[in-house]
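What follows is one structure encoded as structure tokens, with my remarks underneath.
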Amino acid sequence: MSAQNRLRTSRDRTAYLAHLRRVRSRCAAGVVISAGFLLFAAQLRKADPDASAMRPEVFREPRQTPVTPRQFSVDSDGKSYLVTTFFDYDQSAMVVSTNNKLTLKPVLQLFRWRDMLNVSDLCVIWGDNVASEVYKDMNFYQGAYTCFPRYKEGRASVAARKYRGNQLAHNHILTNDPKLRRRLGSVRTGDQIRIRGKLVGYAHRGQVLRISSFTRDDNVCETIWLEELEILKRHQPVLRAVMVVVVVASAGLIGGIMAMTWRIMRLRQEETGKKWASWGREK
């Protein structure tokens, strides 16, 4: 007798259903444990890096060199933009907040001019703001086009003496290069990065969308045509990798739970159908 035929017997069917339920319960327990780990890991991810873990470049001021202004056209997501360059720009910094606009593409499509060239905003700090570790006494919040630093409760008097407003920047990053876009998408809070490109202004259909600040003292954002992006040092790379593995494993467990639930329902339906058929024959 084949294995399939043996499963058709009432005893084997009952044992098989019990086995599926046990496995499903274990998978559910695995999902709960994974969720608990991810919550714990998310709290660990919030821990700020120490100044001693910083690369030397992050303590330096950005380098800005005038260039002869030039204009060029660039296409992005079916739209044409006119970009005007003003300065070469080279900045190393620590990321304190990110806003990857590629994930908001459907929302951005609702805007009249649909700016799909500004694919990411990076709020970064450097210099004394890193050396003093004042960022540990602060939180950083991003709006649609801005970055707001705020002192943590009870830390304002201490942090205000250390914080340097001209060593924070909110960089609007422009690029249509797929590789640079993917790399931007991998940047996370706490990472140390180096950005090289041009400070620019750009327009669409004659409408100026944005012009970069040319100084760090005016609280206006930098608009950067990205040419190179180097991730100098990632923050907690091992923990980040483990979290990805756990998320993938959890997705597999959830898929297994759904498949086993479907199989259990089918077997129970078959069993119910056979009982009704048997009852009909007895009648």
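Letters A, B, ... go to the chains of the structure tokens in the order shown; residues in each chain start at 1; ligands are counted from 1 in the same order.
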
(request) Find the residues near A:Gly255: any atom within 12 Å, counting only C-alpha atoms, skip ones fewer than 5 places away on the same chain, and give them as JSON, numbers by chain. (result) {"A": [24, 27, 28, 31, 248, 249, 250, 260, 261, 262]}

Can I get the selection written as a tab-separated table (two decimals), in the first residue's frame, with N, CA and C atoms?
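Final output, again.tsv:
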```
chain	number	residue	atom	x	y	z
A	24	ARG	N	3.04	23.36	13.04
A	24	ARG	CA	2.52	24.73	12.93
A	24	ARG	C	2.71	25.50	14.23
A	27	CYS	N	6.30	26.51	14.48
A	27	CYS	CA	6.57	27.65	13.59
A	27	CYS	C	6.03	28.94	14.19
A	28	ALA	N	4.83	28.88	14.78
A	28	ALA	CA	4.26	30.06	15.41
A	28	ALA	C	5.13	30.53	16.57
A	31	VAL	N	8.01	32.38	15.17
A	31	VAL	CA	7.66	33.74	14.76
A	31	VAL	C	7.61	34.67	15.97
A	248	VAL	N	13.88	37.40	7.13
A	248	VAL	CA	13.67	36.43	6.05
A	248	VAL	C	13.18	35.10	6.62
A	249	ALA	N	13.82	34.65	7.72
A	249	ALA	CA	13.40	33.40	8.35
A	249	ALA	C	11.96	33.49	8.85
A	250	SER	N	11.60	34.62	9.43
A	250	SER	CA	10.23	34.81	9.92
A	250	SER	C	9.23	34.75	8.78
A	260	MET	N	0.54	25.08	6.02
A	260	MET	CA	0.05	23.99	6.87
A	260	MET	C	-1.40	24.21	7.27
A	261	THR	N	-1.78	25.46	7.52
A	261	THR	CA	-3.18	25.75	7.84
A	261	THR	C	-4.08	25.38	6.68
A	262	TRP	N	-3.65	25.72	5.47
A	262	TRP	CA	-4.43	25.36	4.28
A	262	TRP	C	-4.54	23.85	4.14
```

Closest contacts (stretch 158-264 of chain A/stretch 47-56 of chain A, max 10 Å, only C-alpha atoms) as JSON lines:
```
{"residue": "A:Thr189", "atom": "CA", "partner": "A:Asp48", "partner_atom": "CA", "distance": 8.9}
{"residue": "A:Gly190", "atom": "CA", "partner": "A:Pro49", "partner_atom": "CA", "distance": 6.6}
{"residue": "A:Asp191", "atom": "CA", "partner": "A:Pro49", "partner_atom": "CA", "distance": 9.0}
{"residue": "A:Gln192", "atom": "CA", "partner": "A:Met54", "partner_atom": "CA", "distance": 7.5}
{"residue": "A:Ile193", "atom": "CA", "partner": "A:Arg55", "partner_atom": "CA", "distance": 9.5}
{"residue": "A:Leu232", "atom": "CA", "partner": "A:Arg55", "partner_atom": "CA", "distance": 7.3}
{"residue": "A:Lys233", "atom": "CA", "partner": "A:Arg55", "partner_atom": "CA", "distance": 7.6}
{"residue": "A:His235", "atom": "CA", "partner": "A:Pro49", "partner_atom": "CA", "distance": 7.1}
{"residue": "A:Gln236", "atom": "CA", "partner": "A:Pro49", "partner_atom": "CA", "distance": 8.6}
```

Write the residues you've just listed into a file as a tab-separated table (two decimals), in the first residue's frame, and include N, CA and C atoms for each of them.
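This is the output file again00.tsv:
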```tsv
chain	number	residue	atom	x	y	z
A	189	THR	N	20.94	55.33	9.68
A	189	THR	CA	21.38	56.20	10.77
A	189	THR	C	22.57	55.59	11.51
A	190	GLY	N	23.57	56.40	11.77
A	190	GLY	CA	24.79	55.94	12.43
A	190	GLY	C	25.92	55.60	11.49
A	191	ASP	N	25.61	55.43	10.19
A	191	ASP	CA	26.65	55.15	9.21
A	191	ASP	C	27.52	56.39	9.01
A	192	GLN	N	28.79	56.15	8.70
A	192	GLN	CA	29.71	57.23	8.35
A	192	GLN	C	29.94	57.19	6.85
A	193	ILE	N	29.73	58.31	6.19
A	193	ILE	CA	29.76	58.33	4.73
A	193	ILE	C	30.63	59.47	4.22
A	232	LEU	N	32.03	54.92	4.63
A	232	LEU	CA	33.29	54.77	5.34
A	232	LEU	C	33.21	53.68	6.41
A	233	LYS	N	32.10	53.65	7.11
A	233	LYS	CA	31.92	52.65	8.18
A	233	LYS	C	30.44	52.52	8.49
A	235	HIS	N	27.23	51.36	10.77
A	235	HIS	CA	26.91	51.26	12.20
A	235	HIS	C	26.26	49.90	12.47
A	236	GLN	N	26.87	49.12	13.37
A	236	GLN	CA	26.36	47.82	13.79
A	236	GLN	C	26.04	46.91	12.59
```

(message) Can you tell me which residues surround A:Val130 at a distance of at most 8 Å, considering only C-alpha atoms, apart from same-chain residues fewer than 6 positions away, and format the answer as a list in words?
(response)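 Once the adjacent positions are removed, what remains is Ala51, Val58, Phe59 and Met94 of chain A.
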
Show me a table, sorted first by chain and then by increasing residue number, of the residues of stretch 197-238 of chain A having an atom at most 12 Å from stretch 154-172 of chain A, each with its shortest atom pair and the distance in Å to one decimal, counting only C-alpha atoms and written as JSON lines.
```
{"residue": "A:Gly197", "atom": "CA", "partner": "A:Asn171", "partner_atom": "CA", "distance": 11.6}
{"residue": "A:Lys198", "atom": "CA", "partner": "A:His172", "partner_atom": "CA", "distance": 11.5}
{"residue": "A:Leu199", "atom": "CA", "partner": "A:His172", "partner_atom": "CA", "distance": 9.9}
{"residue": "A:Val200", "atom": "CA", "partner": "A:His172", "partner_atom": "CA", "distance": 10.1}
{"residue": "A:Gly201", "atom": "CA", "partner": "A:His172", "partner_atom": "CA", "distance": 10.7}
{"residue": "A:Tyr202", "atom": "CA", "partner": "A:His172", "partner_atom": "CA", "distance": 11.4}
{"residue": "A:Leu209", "atom": "CA", "partner": "A:His172", "partner_atom": "CA", "distance": 11.5}
{"residue": "A:Arg210", "atom": "CA", "partner": "A:His172", "partner_atom": "CA", "distance": 9.3}
{"residue": "A:Ile211", "atom": "CA", "partner": "A:His172", "partner_atom": "CA", "distance": 10.1}
{"residue": "A:Ser212", "atom": "CA", "partner": "A:His172", "partner_atom": "CA", "distance": 8.6}
{"residue": "A:Ser213", "atom": "CA", "partner": "A:Asn171", "partner_atom": "CA", "distance": 9.9}
{"residue": "A:Phe214", "atom": "CA", "partner": "A:Ala169", "partner_atom": "CA", "distance": 11.4}
{"residue": "A:Thr215", "atom": "CA", "partner": "A:Asn166", "partner_atom": "CA", "distance": 8.6}
{"residue": "A:Arg216", "atom": "CA", "partner": "A:Asn166", "partner_atom": "CA", "distance": 5.0}
{"residue": "A:Asp217", "atom": "CA", "partner": "A:Asn166", "partner_atom": "CA", "distance": 5.2}
{"residue": "A:Asp218", "atom": "CA", "partner": "A:Asn166", "partner_atom": "CA", "distance": 8.0}
{"residue": "A:Asn219", "atom": "CA", "partner": "A:Asn166", "partner_atom": "CA", "distance": 7.6}
{"residue": "A:Val220", "atom": "CA", "partner": "A:His170", "partner_atom": "CA", "distance": 8.0}
{"residue": "A:Cys221", "atom": "CA", "partner": "A:His170", "partner_atom": "CA", "distance": 5.1}
{"residue": "A:Glu222", "atom": "CA", "partner": "A:Asn171", "partner_atom": "CA", "distance": 4.9}
{"residue": "A:Thr223", "atom": "CA", "partner": "A:His172", "partner_atom": "CA", "distance": 4.7}
{"residue": "A:Ile224", "atom": "CA", "partner": "A:His172", "partner_atom": "CA", "distance": 6.1}
{"residue": "A:Trp225", "atom": "CA", "partner": "A:His172", "partner_atom": "CA", "distance": 8.6}
{"residue": "A:Leu226", "atom": "CA", "partner": "A:His172", "partner_atom": "CA", "distance": 9.6}
```

(message) Based on the backbone DSSP call, show me all residues of stretch 22-268 of chain A assigned strand (DSSP E or B), as a VMD selection string.
(response) chain A and resid 63 to 76 79 to 100 118 to 125 138 to 142 147 to 151 168 to 174 192 to 204 207 to 211 222 to 233

Could you write out the selected residues, including C-alpha atoms, as a PDB file, in the first residue's frame?
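Output saved as part-v2.pdb:
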```pdb
ATOM      1  CA  ARG A  63      35.620  70.997   1.257  1.00  0.00           C
ATOM      2  CA  GLN A  64      33.936  73.357  -1.170  1.00  0.00           C
ATOM      3  CA  THR A  65      35.676  74.608  -4.322  1.00  0.00           C
ATOM      4  CA  PRO A  66      34.181  77.078  -6.839  1.00  0.00           C
ATOM      5  CA  VAL A  67      33.752  75.828 -10.394  1.00  0.00           C
ATOM      6  CA  THR A  68      32.733  77.561 -13.573  1.00  0.00           C
ATOM      7  CA  PRO A  69      28.937  77.244 -13.597  1.00  0.00           C
ATOM      8  CA  ARG A  70      27.657  74.875 -16.246  1.00  0.00           C
ATOM      9  CA  GLN A  71      24.281  73.455 -17.100  1.00  0.00           C
ATOM     10  CA  PHE A  72      23.266  70.003 -18.222  1.00  0.00           C
ATOM     11  CA  SER A  73      20.009  68.151 -18.781  1.00  0.00           C
ATOM     12  CA  VAL A  74      19.200  64.903 -17.027  1.00  0.00           C
ATOM     13  CA  ASP A  75      16.223  62.551 -17.296  1.00  0.00           C
ATOM     14  CA  SER A  76      14.768  60.771 -14.278  1.00  0.00           C
ATOM     15  CA  LYS A  79      11.004  63.742 -16.475  1.00  0.00           C
ATOM     16  CA  SER A  80      13.662  66.120 -17.799  1.00  0.00           C
ATOM     17  CA  TYR A  81      15.556  68.428 -15.432  1.00  0.00           C
ATOM     18  CA  LEU A  82      18.041  71.232 -15.989  1.00  0.00           C
ATOM     19  CA  VAL A  83      20.882  71.144 -13.454  1.00  0.00           C
ATOM     20  CA  THR A  84      23.281  74.062 -12.838  1.00  0.00           C
ATOM     21  CA  THR A  85      26.559  73.410 -10.991  1.00  0.00           C
ATOM     22  CA  PHE A  86      28.259  75.985  -8.734  1.00  0.00           C
ATOM     23  CA  PHE A  87      30.801  74.264  -6.450  1.00  0.00           C
ATOM     24  CA  ASP A  88      32.702  71.016  -6.118  1.00  0.00           C
ATOM     25  CA  TYR A  89      31.705  69.504  -2.779  1.00  0.00           C
ATOM     26  CA  ASP A  90      33.398  66.828  -0.665  1.00  0.00           C
ATOM     27  CA  GLN A  91      31.867  65.998   2.707  1.00  0.00           C
ATOM     28  CA  SER A  92      32.500  63.229   5.251  1.00  0.00           C
ATOM     29  CA  ALA A  93      29.961  62.947   8.059  1.00  0.00           C
ATOM     30  CA  MET A  94      27.864  60.720  10.289  1.00  0.00           C
ATOM     31  CA  VAL A  95      24.247  60.166   9.277  1.00  0.00           C
ATOM     32  CA  VAL A  96      21.740  61.061  12.002  1.00  0.00           C
ATOM     33  CA  SER A  97      18.551  60.688   9.947  1.00  0.00           C
ATOM     34  CA  THR A  98      17.566  59.509   6.462  1.00  0.00           C
ATOM     35  CA  ASN A  99      14.648  60.004   4.122  1.00  0.00           C
ATOM     36  CA  ASN A 100      14.754  57.742   1.091  1.00  0.00           C
ATOM     37  CA  ASN A 118      15.816  64.319  -5.423  1.00  0.00           C
ATOM     38  CA  VAL A 119      15.852  60.640  -4.460  1.00  0.00           C
ATOM     39  CA  SER A 120      17.162  60.919  -0.896  1.00  0.00           C
ATOM     40  CA  ASP A 121      17.642  63.383   1.946  1.00  0.00           C
ATOM     41  CA  LEU A 122      20.462  62.781   4.425  1.00  0.00           C
ATOM     42  CA  CYS A 123      20.747  64.677   7.699  1.00  0.00           C
ATOM     43  CA  VAL A 124      24.397  64.557   8.770  1.00  0.00           C
ATOM     44  CA  ILE A 125      26.781  65.955  11.399  1.00  0.00           C
ATOM     45  CA  MET A 138      19.774  64.930  20.913  1.00  0.00           C
ATOM     46  CA  ASN A 139      17.134  63.544  18.599  1.00  0.00           C
ATOM     47  CA  PHE A 140      16.905  64.409  14.911  1.00  0.00           C
ATOM     48  CA  TYR A 141      13.635  64.594  12.988  1.00  0.00           C
ATOM     49  CA  GLN A 142      13.110  64.984   9.259  1.00  0.00           C
ATOM     50  CA  CYS A 147      15.915  68.257   9.496  1.00  0.00           C
ATOM     51  CA  PHE A 148      15.153  69.381  13.045  1.00  0.00           C
ATOM     52  CA  PRO A 149      17.566  68.753  15.950  1.00  0.00           C
ATOM     53  CA  ARG A 150      16.023  68.636  19.414  1.00  0.00           C
ATOM     54  CA  TYR A 151      17.587  68.182  22.813  1.00  0.00           C
ATOM     55  CA  LEU A 168      24.803  69.902  10.746  1.00  0.00           C
ATOM     56  CA  ALA A 169      23.543  69.693   7.180  1.00  0.00           C
ATOM     57  CA  HIS A 170      20.424  68.457   5.471  1.00  0.00           C
ATOM     58  CA  ASN A 171      21.586  67.206   2.090  1.00  0.00           C
ATOM     59  CA  HIS A 172      19.132  66.886  -0.781  1.00  0.00           C
ATOM     60  CA  ILE A 173      20.756  64.223  -2.955  1.00  0.00           C
ATOM     61  CA  LEU A 174      20.180  64.230  -6.715  1.00  0.00           C
ATOM     62  CA  GLN A 192      29.710  57.232   8.355  1.00  0.00           C
ATOM     63  CA  ILE A 193      29.762  58.329   4.727  1.00  0.00           C
ATOM     64  CA  ARG A 194      31.687  60.428   2.249  1.00  0.00           C
ATOM     65  CA  ILE A 195      29.795  62.369  -0.409  1.00  0.00           C
ATOM     66  CA  ARG A 196      31.452  63.846  -3.465  1.00  0.00           C
ATOM     67  CA  GLY A 197      29.666  65.844  -6.098  1.00  0.00           C
ATOM     68  CA  LYS A 198      28.489  69.333  -6.987  1.00  0.00           C
ATOM     69  CA  LEU A 199      26.435  71.939  -5.161  1.00  0.00           C
ATOM     70  CA  VAL A 200      23.716  72.729  -7.660  1.00  0.00           C
ATOM     71  CA  GLY A 201      20.398  74.266  -8.465  1.00  0.00           C
ATOM     72  CA  TYR A 202      17.870  72.477 -10.652  1.00  0.00           C
ATOM     73  CA  ALA A 203      14.662  73.183 -12.505  1.00  0.00           C
ATOM     74  CA  HIS A 204      11.866  71.367 -14.312  1.00  0.00           C
ATOM     75  CA  GLN A 207      10.317  76.128 -12.663  1.00  0.00           C
ATOM     76  CA  VAL A 208      13.246  76.308 -10.241  1.00  0.00           C
ATOM     77  CA  LEU A 209      12.784  73.498  -7.751  1.00  0.00           C
ATOM     78  CA  ARG A 210      15.708  74.169  -5.456  1.00  0.00           C
ATOM     79  CA  ILE A 211      19.070  75.977  -5.217  1.00  0.00           C
ATOM     80  CA  GLU A 222      22.570  71.704   0.567  1.00  0.00           C
ATOM     81  CA  THR A 223      21.462  70.380  -2.821  1.00  0.00           C
ATOM     82  CA  ILE A 224      24.064  67.955  -4.166  1.00  0.00           C
ATOM     83  CA  TRP A 225      24.437  66.342  -7.560  1.00  0.00           C
ATOM     84  CA  LEU A 226      25.940  63.051  -6.403  1.00  0.00           C
ATOM     85  CA  GLU A 227      29.015  61.741  -8.215  1.00  0.00           C
ATOM     86  CA  GLU A 228      30.455  59.380  -5.585  1.00  0.00           C
ATOM     87  CA  LEU A 229      29.138  57.869  -2.365  1.00  0.00           C
ATOM     88  CA  GLU A 230      31.523  56.001  -0.082  1.00  0.00           C
ATOM     89  CA  ILE A 231      30.306  54.289   3.061  1.00  0.00           C
ATOM     90  CA  LEU A 232      33.294  54.765   5.345  1.00  0.00           C
ATOM     91  CA  LYS A 233      31.925  52.647   8.178  1.00  0.00           C
TER      92      LYS A 233
END
```

Helix (DSSP H, G or I) positions in stretch 126-186 of chain A, given as a PDB file with N, CA and C atoms, in the first residue's frame:
```pdb
ATOM      1  N   ASP A 128      33.003  69.066  15.535  1.00  0.00           N
ATOM      2  CA  ASP A 128      32.806  69.104  16.988  1.00  0.00           C
ATOM      3  C   ASP A 128      31.525  68.398  17.419  1.00  0.00           C
ATOM      4  N   ASN A 129      30.517  68.410  16.562  1.00  0.00           N
ATOM      5  CA  ASN A 129      29.272  67.715  16.910  1.00  0.00           C
ATOM      6  C   ASN A 129      29.484  66.210  17.061  1.00  0.00           C
ATOM      7  N   VAL A 130      30.496  65.689  16.387  1.00  0.00           N
ATOM      8  CA  VAL A 130      30.849  64.275  16.534  1.00  0.00           C
ATOM      9  C   VAL A 130      31.819  64.089  17.692  1.00  0.00           C
ATOM     10  N   ALA A 131      32.851  64.934  17.737  1.00  0.00           N
ATOM     11  CA  ALA A 131      33.896  64.785  18.761  1.00  0.00           C
ATOM     12  C   ALA A 131      33.336  64.910  20.175  1.00  0.00           C
ATOM     13  N   VAL A 134      27.724  65.149  21.298  1.00  0.00           N
ATOM     14  CA  VAL A 134      26.495  65.858  21.645  1.00  0.00           C
ATOM     15  C   VAL A 134      25.274  65.172  21.040  1.00  0.00           C
ATOM     16  N   TYR A 135      25.467  64.428  19.955  1.00  0.00           N
ATOM     17  CA  TYR A 135      24.347  63.736  19.308  1.00  0.00           C
ATOM     18  C   TYR A 135      23.674  62.728  20.238  1.00  0.00           C
ATOM     19  N   LYS A 136      24.394  62.278  21.259  1.00  0.00           N
ATOM     20  CA  LYS A 136      23.791  61.348  22.221  1.00  0.00           C
ATOM     21  C   LYS A 136      22.769  62.040  23.121  1.00  0.00           C
ATOM     22  N   ASP A 137      22.843  63.367  23.170  1.00  0.00           N
ATOM     23  CA  ASP A 137      21.896  64.153  23.968  1.00  0.00           C
ATOM     24  C   ASP A 137      20.790  64.747  23.109  1.00  0.00           C
ATOM     25  N   ALA A 156      19.131  69.619  27.732  1.00  0.00           N
ATOM     26  CA  ALA A 156      19.270  70.856  26.958  1.00  0.00           C
ATOM     27  C   ALA A 156      20.418  71.722  27.449  1.00  0.00           C
ATOM     28  N   SER A 157      20.541  71.895  28.757  1.00  0.00           N
ATOM     29  CA  SER A 157      21.569  72.798  29.284  1.00  0.00           C
ATOM     30  C   SER A 157      22.973  72.309  28.959  1.00  0.00           C
ATOM     31  N   VAL A 158      23.156  70.997  28.969  1.00  0.00           N
ATOM     32  CA  VAL A 158      24.468  70.419  28.655  1.00  0.00           C
ATOM     33  C   VAL A 158      24.715  70.440  27.152  1.00  0.00           C
ATOM     34  N   ALA A 159      23.714  69.992  26.388  1.00  0.00           N
ATOM     35  CA  ALA A 159      23.889  69.864  24.942  1.00  0.00           C
ATOM     36  C   ALA A 159      24.036  71.214  24.258  1.00  0.00           C
ATOM     37  N   ALA A 160      23.329  72.226  24.748  1.00  0.00           N
ATOM     38  CA  ALA A 160      23.373  73.536  24.099  1.00  0.00           C
ATOM     39  C   ALA A 160      24.772  74.124  24.098  1.00  0.00           C
ATOM     40  N   ARG A 161      25.569  73.780  25.084  1.00  0.00           N
ATOM     41  CA  ARG A 161      26.945  74.302  25.144  1.00  0.00           C
ATOM     42  C   ARG A 161      27.863  73.602  24.141  1.00  0.00           C
ATOM     43  N   LYS A 162      27.490  72.408  23.730  1.00  0.00           N
ATOM     44  CA  LYS A 162      28.360  71.626  22.845  1.00  0.00           C
ATOM     45  C   LYS A 162      27.911  71.638  21.387  1.00  0.00           C
ATOM     46  N   GLY A 165      25.545  74.546  15.374  1.00  0.00           N
ATOM     47  CA  GLY A 165      24.541  74.548  14.321  1.00  0.00           C
ATOM     48  C   GLY A 165      25.121  74.536  12.921  1.00  0.00           C
ATOM     49  N   ASN A 166      26.360  75.013  12.762  1.00  0.00           N
ATOM     50  CA  ASN A 166      26.978  75.036  11.431  1.00  0.00           C
ATOM     51  C   ASN A 166      27.751  73.754  11.128  1.00  0.00           C
ATOM     52  N   GLN A 167      27.550  72.729  11.959  1.00  0.00           N
ATOM     53  CA  GLN A 167      28.140  71.419  11.672  1.00  0.00           C
ATOM     54  C   GLN A 167      27.049  70.349  11.596  1.00  0.00           C
ATOM     55  N   PRO A 178      21.421  54.294 -11.265  1.00  0.00           N
ATOM     56  CA  PRO A 178      20.820  53.190 -10.499  1.00  0.00           C
ATOM     57  C   PRO A 178      21.727  52.658  -9.394  1.00  0.00           C
ATOM     58  N   LYS A 179      23.040  52.574  -9.650  1.00  0.00           N
ATOM     59  CA  LYS A 179      23.956  52.056  -8.629  1.00  0.00           C
ATOM     60  C   LYS A 179      24.028  52.990  -7.427  1.00  0.00           C
ATOM     61  N   LEU A 180      24.119  54.289  -7.694  1.00  0.00           N
ATOM     62  CA  LEU A 180      24.153  55.249  -6.593  1.00  0.00           C
ATOM     63  C   LEU A 180      22.829  55.257  -5.831  1.00  0.00           C
ATOM     64  N   ARG A 181      21.739  55.086  -6.549  1.00  0.00           N
ATOM     65  CA  ARG A 181      20.434  55.027  -5.877  1.00  0.00           C
ATOM     66  C   ARG A 181      20.356  53.826  -4.936  1.00  0.00           C
ATOM     67  N   ARG A 182      20.836  52.685  -5.396  1.00  0.00           N
ATOM     68  CA  ARG A 182      20.814  51.492  -4.532  1.00  0.00           C
ATOM     69  C   ARG A 182      21.703  51.692  -3.309  1.00  0.00           C
ATOM     70  N   ARG A 183      22.864  52.305  -3.515  1.00  0.00           N
ATOM     71  CA  ARG A 183      23.763  52.533  -2.385  1.00  0.00           C
ATOM     72  C   ARG A 183      23.149  53.526  -1.398  1.00  0.00           C
ATOM     73  N   LEU A 184      22.508  54.556  -1.910  1.00  0.00           N
ATOM     74  CA  LEU A 184      21.810  55.500  -1.031  1.00  0.00           C
ATOM     75  C   LEU A 184      20.741  54.791  -0.212  1.00  0.00           C
ATOM     76  N   GLY A 185      20.053  53.852  -0.850  1.00  0.00           N
ATOM     77  CA  GLY A 185      19.003  53.123  -0.154  1.00  0.00           C
ATOM     78  C   GLY A 185      19.512  52.257   0.973  1.00  0.00           C
TER      79      GLY A 185
END
```
